file input.txt (compact mmCIF, C-alpha atoms and all ligand atoms)
# COMPACT_ATOMS: atom_id res chain seq x y z
CA MET A 186 -26.28 -31.17 -4.05
CA GLY A 187 -23.70 -32.64 -1.66
CA THR A 188 -21.68 -30.39 0.62
CA VAL A 189 -18.01 -31.10 1.01
CA SER A 190 -16.43 -29.77 4.17
CA ARG A 191 -13.54 -27.60 3.05
CA PRO A 192 -10.82 -26.03 5.17
CA VAL A 193 -11.80 -22.58 6.44
CA THR A 194 -8.28 -21.52 7.22
CA SER A 195 -4.73 -22.06 5.98
CA SER A 196 -1.24 -20.91 6.88
CA THR A 197 -1.71 -18.13 4.28
CA VAL A 198 -4.96 -16.93 5.86
CA GLU A 199 -3.48 -17.18 9.35
CA SER A 200 -0.48 -15.10 8.26
CA MET A 201 -2.71 -12.48 6.56
CA ILE A 202 -5.09 -11.96 9.47
CA ARG A 203 -2.15 -11.48 11.83
CA HIS A 204 -1.02 -8.47 9.76
CA ARG A 205 0.18 -5.35 11.58
CA SER A 206 2.30 -2.61 10.03
CA ILE A 207 5.83 -3.04 11.37
CA ARG A 208 7.98 0.08 11.62
CA ARG A 209 10.98 -1.21 13.60
CA TYR A 210 13.31 -3.95 12.42
CA THR A 211 16.15 -6.09 13.72
CA ASP A 212 19.65 -5.63 12.25
CA GLU A 213 19.31 -8.89 10.35
CA SER A 214 19.69 -8.31 6.64
CA VAL A 215 17.27 -9.86 4.18
CA GLN A 216 18.91 -12.29 1.78
CA GLU A 217 18.68 -11.38 -1.89
CA GLU A 218 16.98 -14.75 -2.55
CA VAL A 219 14.23 -13.77 -0.09
CA VAL A 220 13.69 -10.42 -1.84
CA GLU A 221 13.55 -12.21 -5.20
CA ALA A 222 11.00 -14.73 -3.88
CA ILE A 223 8.84 -11.83 -2.69
CA LEU A 224 9.10 -10.07 -6.06
CA ARG A 225 8.38 -13.27 -7.98
CA SER A 226 5.22 -13.62 -5.89
CA ALA A 227 4.31 -10.06 -6.88
CA GLN A 228 4.86 -10.86 -10.54
CA ALA A 229 2.54 -13.86 -10.27
CA ALA A 230 -0.35 -11.65 -9.10
CA PRO A 231 -3.31 -11.22 -11.46
CA THR A 232 -2.72 -8.36 -13.88
CA SER A 233 -5.19 -6.53 -16.13
CA SER A 234 -5.00 -8.09 -19.64
CA HIS A 235 -1.49 -9.31 -18.74
CA LYS A 236 -0.27 -5.73 -18.93
CA GLN A 237 2.00 -6.14 -15.88
CA ALA A 238 1.95 -2.37 -15.61
CA PHE A 239 4.25 -1.93 -12.62
CA SER A 240 7.93 -1.64 -11.75
CA VAL A 241 9.72 -1.82 -8.44
CA VAL A 242 12.76 0.28 -7.55
CA ARG A 243 14.72 -1.08 -4.60
CA VAL A 244 16.59 1.78 -2.93
CA VAL A 245 19.88 0.75 -1.34
CA ASP A 246 21.90 3.99 -1.56
CA PRO A 247 21.82 5.64 1.91
CA VAL A 248 21.81 9.17 0.50
CA THR A 249 18.77 8.45 -1.66
CA ARG A 250 17.12 6.74 1.32
CA ARG A 251 17.67 9.87 3.43
CA SER A 252 16.14 12.03 0.71
CA LEU A 253 13.12 9.72 0.39
CA ALA A 254 12.65 9.70 4.18
CA ALA A 255 12.67 13.52 4.07
CA VAL A 256 9.95 13.47 1.38
CA ALA A 257 7.89 11.21 3.67
CA ASP A 258 7.95 13.70 6.59
CA ASP A 259 11.11 12.14 8.06
CA GLN A 260 9.60 8.74 8.75
CA GLU A 261 12.74 7.14 10.16
CA TRP A 262 11.75 3.60 9.10
CA VAL A 263 12.17 4.66 5.45
CA GLU A 264 15.85 5.27 6.19
CA LYS A 265 16.45 2.37 8.57
CA CYS A 266 14.52 -0.58 7.14
CA PRO A 267 16.66 -3.36 5.63
CA VAL A 268 14.70 -3.33 2.35
CA PHE A 269 12.97 -0.31 0.83
CA LEU A 270 10.95 -0.77 -2.34
CA VAL A 271 9.22 1.90 -4.39
CA TRP A 272 6.20 0.51 -6.23
CA CYS A 273 5.63 2.38 -9.48
CA ALA A 274 2.70 2.28 -11.87
CA ASP A 275 4.32 1.82 -15.26
CA LEU A 276 2.96 2.30 -18.78
CA HIS A 277 6.43 3.22 -20.09
CA ARG A 278 7.55 -0.38 -20.71
CA ILE A 279 4.37 -1.05 -22.69
CA ALA A 280 5.02 2.14 -24.70
CA VAL A 281 8.53 0.85 -25.54
CA ALA A 282 7.12 -2.55 -26.58
CA ILE A 283 4.48 -0.98 -28.84
CA GLU A 284 6.87 1.58 -30.31
CA ARG A 285 9.18 -1.26 -31.38
CA LEU A 286 6.30 -2.53 -33.49
CA GLY A 287 5.70 0.91 -34.95
CA ALA A 288 2.10 0.61 -33.73
CA PRO A 289 -0.01 3.38 -32.17
CA MET A 290 -0.68 3.47 -28.42
CA VAL A 291 -3.76 5.16 -27.00
CA HIS A 292 -3.32 5.69 -23.28
CA GLU A 293 -4.81 9.16 -22.83
CA ASN A 294 -7.67 8.16 -20.59
CA VAL A 295 -8.46 7.56 -16.92
CA GLU A 296 -8.85 3.82 -17.53
CA GLU A 297 -5.18 3.13 -18.38
CA PHE A 298 -4.09 5.15 -15.35
CA LEU A 299 -6.41 3.04 -13.20
CA VAL A 300 -5.15 -0.18 -14.77
CA ALA A 301 -1.53 0.70 -13.97
CA THR A 302 -2.42 1.77 -10.43
CA ILE A 303 -4.51 -1.37 -9.80
CA ASP A 304 -1.81 -3.68 -11.23
CA THR A 305 0.80 -2.03 -9.00
CA THR A 306 -1.38 -2.26 -5.91
CA LEU A 307 -2.28 -5.92 -6.47
CA ALA A 308 1.37 -6.80 -7.04
CA ALA A 309 2.47 -4.91 -3.92
CA ALA A 310 -0.24 -6.47 -1.76
CA THR A 311 0.78 -9.91 -3.01
CA ALA A 312 4.43 -9.14 -2.27
CA PHE A 313 3.51 -7.95 1.19
CA ALA A 314 1.56 -11.13 1.97
CA ALA A 315 4.49 -13.20 0.68
CA ALA A 316 6.92 -11.24 2.83
CA GLU A 317 4.78 -11.69 5.95
CA SER A 318 4.46 -15.42 5.25
CA LEU A 319 8.28 -15.56 5.26
CA GLY A 320 8.48 -13.93 8.70
CA LEU A 321 9.14 -10.38 7.53
CA GLY A 322 7.14 -7.35 8.54
CA GLY A 323 6.75 -3.96 6.96
CA VAL A 324 4.73 -0.92 6.16
CA PHE A 325 3.50 0.85 3.05
CA ILE A 326 4.69 4.45 2.63
CA GLY A 327 2.17 6.73 0.96
CA GLY A 328 4.28 9.61 2.26
CA LEU A 329 6.34 9.45 -0.95
CA ARG A 330 3.44 11.21 -2.67
CA ASN A 331 4.12 14.30 -0.52
CA ASP A 332 6.63 15.28 -3.20
CA PRO A 333 6.30 12.97 -6.21
CA ASP A 334 8.44 15.29 -8.36
CA ALA A 335 11.37 14.77 -5.97
CA VAL A 336 10.87 10.99 -6.00
CA THR A 337 10.69 11.02 -9.80
CA GLU A 338 13.97 12.95 -9.96
CA LEU A 339 15.73 10.82 -7.32
CA LEU A 340 14.76 7.52 -8.98
CA GLY A 341 15.03 8.70 -12.60
CA LEU A 342 11.45 7.73 -13.42
CA PRO A 343 10.58 8.22 -17.10
CA PRO A 344 7.24 9.56 -18.40
CA LEU A 345 4.27 7.20 -17.87
CA VAL A 346 5.75 5.97 -14.58
CA TYR A 347 4.77 7.25 -11.13
CA PRO A 348 5.50 6.16 -7.56
CA VAL A 349 2.28 4.80 -6.04
CA PHE A 350 3.85 4.11 -2.63
CA GLY A 351 6.98 2.84 -0.94
CA MET A 352 7.30 -0.31 1.17
CA CYS A 353 9.60 -0.93 4.12
CA LEU A 354 10.48 -4.56 4.87
CA GLY A 355 12.60 -6.26 7.51
CA TYR A 356 12.50 -8.75 10.36
CA PRO A 357 10.22 -7.32 13.08
CA ALA A 358 11.70 -5.75 16.21
CA ASP A 359 8.24 -4.68 17.27
CA ASP A 360 5.05 -6.51 18.22
CA PRO A 361 2.25 -3.95 17.94
CA TRP A 362 -1.40 -4.66 18.69
CA LEU A 363 -3.66 -5.70 15.87
CA LYS A 364 -5.57 -2.63 14.70
CA PRO A 365 -9.27 -3.54 14.79
CA ARG A 366 -10.95 -3.57 11.39
CA LEU A 367 -14.54 -2.63 10.60
CA PRO A 368 -17.01 -5.39 11.44
CA LEU A 369 -17.38 -7.68 8.44
CA GLU A 370 -21.10 -6.82 8.11
CA LEU A 371 -20.15 -3.25 7.26
CA VAL A 372 -18.02 -4.20 4.29
CA TYR A 373 -19.73 -7.40 3.09
CA HIS A 374 -23.04 -6.97 1.26
CA ARG A 375 -25.41 -9.53 -0.26
CA ASP A 376 -26.90 -8.80 -3.69
CA ARG A 377 -27.40 -5.09 -3.00
CA TYR A 378 -25.38 -2.44 -1.17
CA ASP A 379 -27.03 -1.97 2.24
CA ASP A 380 -26.12 0.96 4.52
CA SER A 381 -29.14 0.61 6.84
CA GLU A 382 -27.02 -0.62 9.78
CA TYR A 383 -24.15 1.82 9.29
CA VAL A 384 -24.97 4.33 12.04
CA ALA A 385 -25.51 1.79 14.84
CA ALA A 386 -22.57 -0.35 13.76
CA LEU A 387 -20.29 2.68 13.47
CA ASP A 388 -21.14 3.62 17.07
CA ASP A 389 -20.00 0.15 18.13
CA TYR A 390 -16.87 0.33 15.99
CA ASP A 391 -16.00 3.77 17.37
CA ALA A 392 -16.21 2.32 20.88
CA VAL A 393 -13.85 -0.51 19.88
CA THR A 394 -11.37 1.84 18.19
CA HIS A 395 -11.57 4.31 21.09
CA THR A 396 -10.37 1.54 23.42
CA TYR A 397 -7.67 0.56 20.93
CA TYR A 398 -6.28 4.10 20.56
CA VAL A 399 -6.39 4.80 24.32
CA GLU A 400 -4.90 1.50 25.47
CA ARG A 401 -2.51 0.36 22.75
CA GLU A 402 1.19 0.30 23.44
CA GLY A 403 3.12 3.19 21.96
CA GLU A 404 1.39 6.34 20.80
CA ASN A 405 -1.91 6.74 22.74
CA ARG A 406 -4.64 9.14 21.71
CA VAL A 407 -8.25 9.83 22.64
CA THR A 408 -9.95 9.34 19.30
CA THR A 409 -12.16 7.00 17.28
CA TRP A 410 -12.17 5.74 13.72
CA SER A 411 -14.89 8.26 12.72
CA ARG A 412 -12.92 11.11 14.29
CA GLU A 413 -9.76 9.99 12.51
CA MET A 414 -11.67 9.97 9.21
CA ALA A 415 -13.08 13.45 9.93
CA ARG A 416 -9.53 14.69 10.59
CA LYS A 417 -8.19 13.12 7.36
CA PHE A 418 -11.05 14.40 5.23
CA ALA A 419 -11.10 17.94 6.65
CA VAL A 420 -8.61 19.12 4.05
CA SER A 421 -7.81 18.13 0.48
CA GLN A 422 -4.99 15.58 0.62
CA ARG A 423 -1.99 16.04 -1.71
CA PRO A 424 -3.80 18.35 -4.14
CA HIS A 425 -0.62 18.50 -6.26
CA MET A 426 -1.15 14.90 -7.46
CA ARG A 427 -3.26 15.72 -10.51
CA ALA A 428 -0.77 18.21 -11.96
CA TYR A 429 2.12 15.85 -11.13
CA LEU A 430 0.45 12.88 -12.85
CA GLU A 431 -0.33 15.02 -15.90
CA SER A 432 3.32 16.10 -16.02
CA GLN A 433 4.27 12.39 -16.12
CA GLY A 434 2.00 11.88 -19.14
CA PHE A 435 -1.10 10.48 -17.44
CA VAL A 436 -4.20 12.18 -18.85
CA PHE A 437 -7.62 12.61 -17.22
CA ASP A 438 -10.17 13.59 -19.83
C1 LIG B 1 -1.21 2.92 0.52
C2 LIG B 1 -0.79 2.99 1.96
C3 LIG B 1 0.05 4.02 2.38
C4 LIG B 1 0.48 4.07 3.71
N1 LIG B 1 1.36 5.04 4.08
C5 LIG B 1 1.90 5.02 5.32
C6 LIG B 1 2.95 5.91 5.66
O1 LIG B 1 3.38 6.77 4.87
N2 LIG B 1 3.50 5.81 6.90
C7 LIG B 1 3.08 4.87 7.80
O2 LIG B 1 3.65 4.82 8.91
N3 LIG B 1 2.07 4.01 7.52
C8 LIG B 1 1.49 4.04 6.29
N4 LIG B 1 0.53 3.13 5.94
C9 LIG B 1 0.09 2.13 6.93
C10 LIG B 1 -1.32 2.37 7.43
O3 LIG B 1 -1.34 3.49 8.29
C11 LIG B 1 -1.81 1.10 8.15
O4 LIG B 1 -1.82 0.02 7.25
C12 LIG B 1 -3.20 1.29 8.74
O5 LIG B 1 -3.22 2.30 9.73
C13 LIG B 1 -3.70 -0.01 9.37
O6 LIG B 1 -2.79 -0.47 10.37
P1 LIG B 1 -2.10 -1.90 10.28
O7 LIG B 1 -1.45 -2.01 8.93
O8 LIG B 1 -1.10 -1.96 11.39
O9 LIG B 1 -3.18 -2.92 10.45
C14 LIG B 1 0.05 3.08 4.64
C15 LIG B 1 -0.81 2.06 4.20
C16 LIG B 1 -1.22 2.02 2.89
C17 LIG B 1 -2.11 0.89 2.43
call {"tool": "encode", "arguments": {"input": "input.txt", "output": "structure tokens"}}
result
Amino acid sequence: MGTVSRPVTSSTVESMIRHRSIRRYTDESVQEEVVEAILRSAQAAPTSSHKQAFSVVRVVDPVTRRSLAAVADDQEWVEKCPVFLVWCADLHRIAVAIERLGAPMVHENVEEFLVATIDTTLAAATAFAAAESLGLGGVFIGGLRNDPDAVTELLGLPPLVYPVFGMCLGYPADDPWLKPRLPLELVYHRDRYDDSEYVAALDDYDAVTHTYYVEREGENRVTTWSREMARKFAVSQRPHMRAYLESQGFVFD
């Protein structure tokens, strides 16, 4: 079997591995054509059974922006970024399509909720990579799930639609350090899941992240990745989500 030497990098890969969340932006506005190119990239992402179970609400109105920033613990970049998109998992459009046919729709299961969430996340990640390849930077905003009822009201989301996260985009006015990721060996397994090296490798990774948190520009802290995880997992995060999702018509049997 012959081996052909293939490229091991590309401008896409180079752009993706340079990713940092960007939370400050220049005043330059983003042309509508650029936003549309980003959203067309998102639409081209793989989608479960072609369901395309997501919608994007771009929020331009400054009053709504202020309210959304307040939901997200006053993250000022939500208010100030040139483009703010809310990525919504969406089974409503499918419901409309099926209802037009007078056909039944069975969606009362965890699977259809997962499908919509996965479709939305893949589309958003694709959009984000497209945006970065075009010189934009940005950050995802999970903080919208602090008060999903408020977001639903502000954006007029119908049943079977929920905001998975927001996304700030703009031209970067910031050049933060790359945040070190887990060593590849810890996330890449061959044939069988293997956690035998976790403890030793996590010690090494904690040393790397300790240096990062202490020395990075901006907000410095004495911590490690493991300690950050312990802090995050010490309390139940957003325990209101289940009741909210059920109120939007998503069912978990
Ligand atoms: C689903 C999701 C939600 C996030 N929510 C927020 C957020 O509300 N505010 C924020 O500043 N960063 C948020 N982030 C950014 C992460 O904190 C960031 O991606 C992570 O710390 C890694 O840093 P990096 O993106 O600079 O490499 C979010 C990221 C994801 C994927």
call {"tool": "atom_distance", "arguments": {"input": "input.txt", "atom1": "atom CA of Pro368 of chain A", "atom2": "atom CA of Thr408 of chain A"}}
result
18.1 Å
call {"tool": "closest_residue", "arguments": {"input": "input.txt", "among": "A:Gly327, A:Pro424, A:Pro361, A:Gly287", "to": "Asp258 of chain A", "atoms": "all atoms listed in the file"}}
result
A:Gly327
call {"tool": "closest_residue", "arguments": {"input": "input.txt", "among": "A:Phe298, A:Tyr383, A:Trp410, A:Phe325", "to": "ligand LIG 1 (chain B)", "atoms": "only C-alpha atoms and all ligand atoms"}}
result
A:Phe325
call {"tool": "atom_distance", "arguments": {"input": "input.txt", "atom1": "atom CA of Leu224 of chain A", "atom2": "atom CA of Ala238 of chain A"}}
result
14.2 Å
call {"tool": "residues_around", "arguments": {"input": "input.txt", "residues": "Ile303 of chain A", "least_positions_apart": "5", "cutoff": "10 Å", "atoms": "all atoms listed in the file", "output": "list in words"}}
result
Thr232, Ser233, Ala238, Phe239, Ala274, Glu297, Phe298, Ala308, Ala309 and Val349 of chain A
call {"tool": "write_last_selection", "arguments": {"input": "input.txt", "atoms": "C-alpha atoms", "output": "compact mmCIF listing (two decimals), keeping the file's coordinate frame"}}
result
# COMPACT_ATOMS: atom_id res chain seq x y z
CA THR A 232 -2.72 -8.36 -13.88
CA SER A 233 -5.19 -6.53 -16.13
CA ALA A 238 1.95 -2.37 -15.61
CA PHE A 239 4.25 -1.93 -12.62
CA ALA A 274 2.70 2.28 -11.87
CA GLU A 297 -5.18 3.13 -18.38
CA PHE A 298 -4.09 5.15 -15.35
CA ALA A 308 1.37 -6.80 -7.04
CA ALA A 309 2.47 -4.91 -3.92
CA VAL A 349 2.28 4.80 -6.04
call {"tool": "residues_near_point", "arguments": {"input": "input.txt", "point": "(9.3, -13.1, 7.7)", "cutoff": "12 Å", "atoms": "only C-alpha atoms", "output": "PyMOL selection string"}}
result
chain A and resi 200+204+207+210-211+213-216+219-220+222-223+312-323+354-358
call {"tool": "residues_near_ligand", "arguments": {"input": "input.txt", "ligand": "ligand LIG 1 (chain B)", "cutoff": "8 Å", "atoms": "only C-alpha atoms and all ligand atoms", "output": "list in words"}}
result
His204, Arg205, Ser206, Ile207, Arg208, Ala257, Gln260, Val324, Phe325, Ile326, Gly327, Gly328, Leu329, Val349, Phe350, Gly351, Pro361, Trp362, Leu363, Lys364, Pro365 and Arg366 of chain A
call {"tool": "atom_distance", "arguments": {"input": "input.txt", "atom1": "atom CA of Ala230 of chain A", "atom2": "atom CA of Thr311 of chain A"}}
result
6.4 Å
call {"tool": "residues_around", "arguments": {"input": "input.txt", "residues": "Val241 of chain A", "least_positions_apart": "2", "cutoff": "8 Å", "atoms": "all atoms listed in the file", "output": "ChimeraX atom specification"}}
result
/A:239,243,270-273
call {"tool": "closest_residue", "arguments": {"input": "input.txt", "among": "A:Leu253, A:Ala227, A:Arg375, A:Asp212", "to": "Pro333 of chain A", "atoms": "all atoms listed in the file"}}
result
A:Leu253
call {"tool": "residues_around", "arguments": {"input": "input.txt", "residues": "Gln433 of chain A", "least_positions_apart": "3", "cutoff": "12 Å", "atoms": "all atoms listed in the file", "output": "list in words"}}
result
Ala274, Asp275, Leu276, His277, Glu293, Phe298, Pro333, Asp334, Thr337, Glu338, Gly341, Leu342, Pro343, Pro344, Leu345, Val346, Tyr347, Pro348, Met426, Arg427, Ala428, Tyr429, Leu430, Val436 and Phe437 of chain A
call {"tool": "closest_residue", "arguments": {"input": "input.txt", "among": "A:Asp259, A:Arg330, A:Gln237, A:Pro247", "to": "Ala301 of chain A", "atoms": "all atoms listed in the file"}}
result
A:Gln237
call {"tool": "closest_residue", "arguments": {"input": "input.txt", "among": "A:Met352, A:Leu387, A:Asp304, A:Glu402", "to": "Pro231 of chain A", "atoms": "all atoms listed in the file"}}
result
A:Asp304
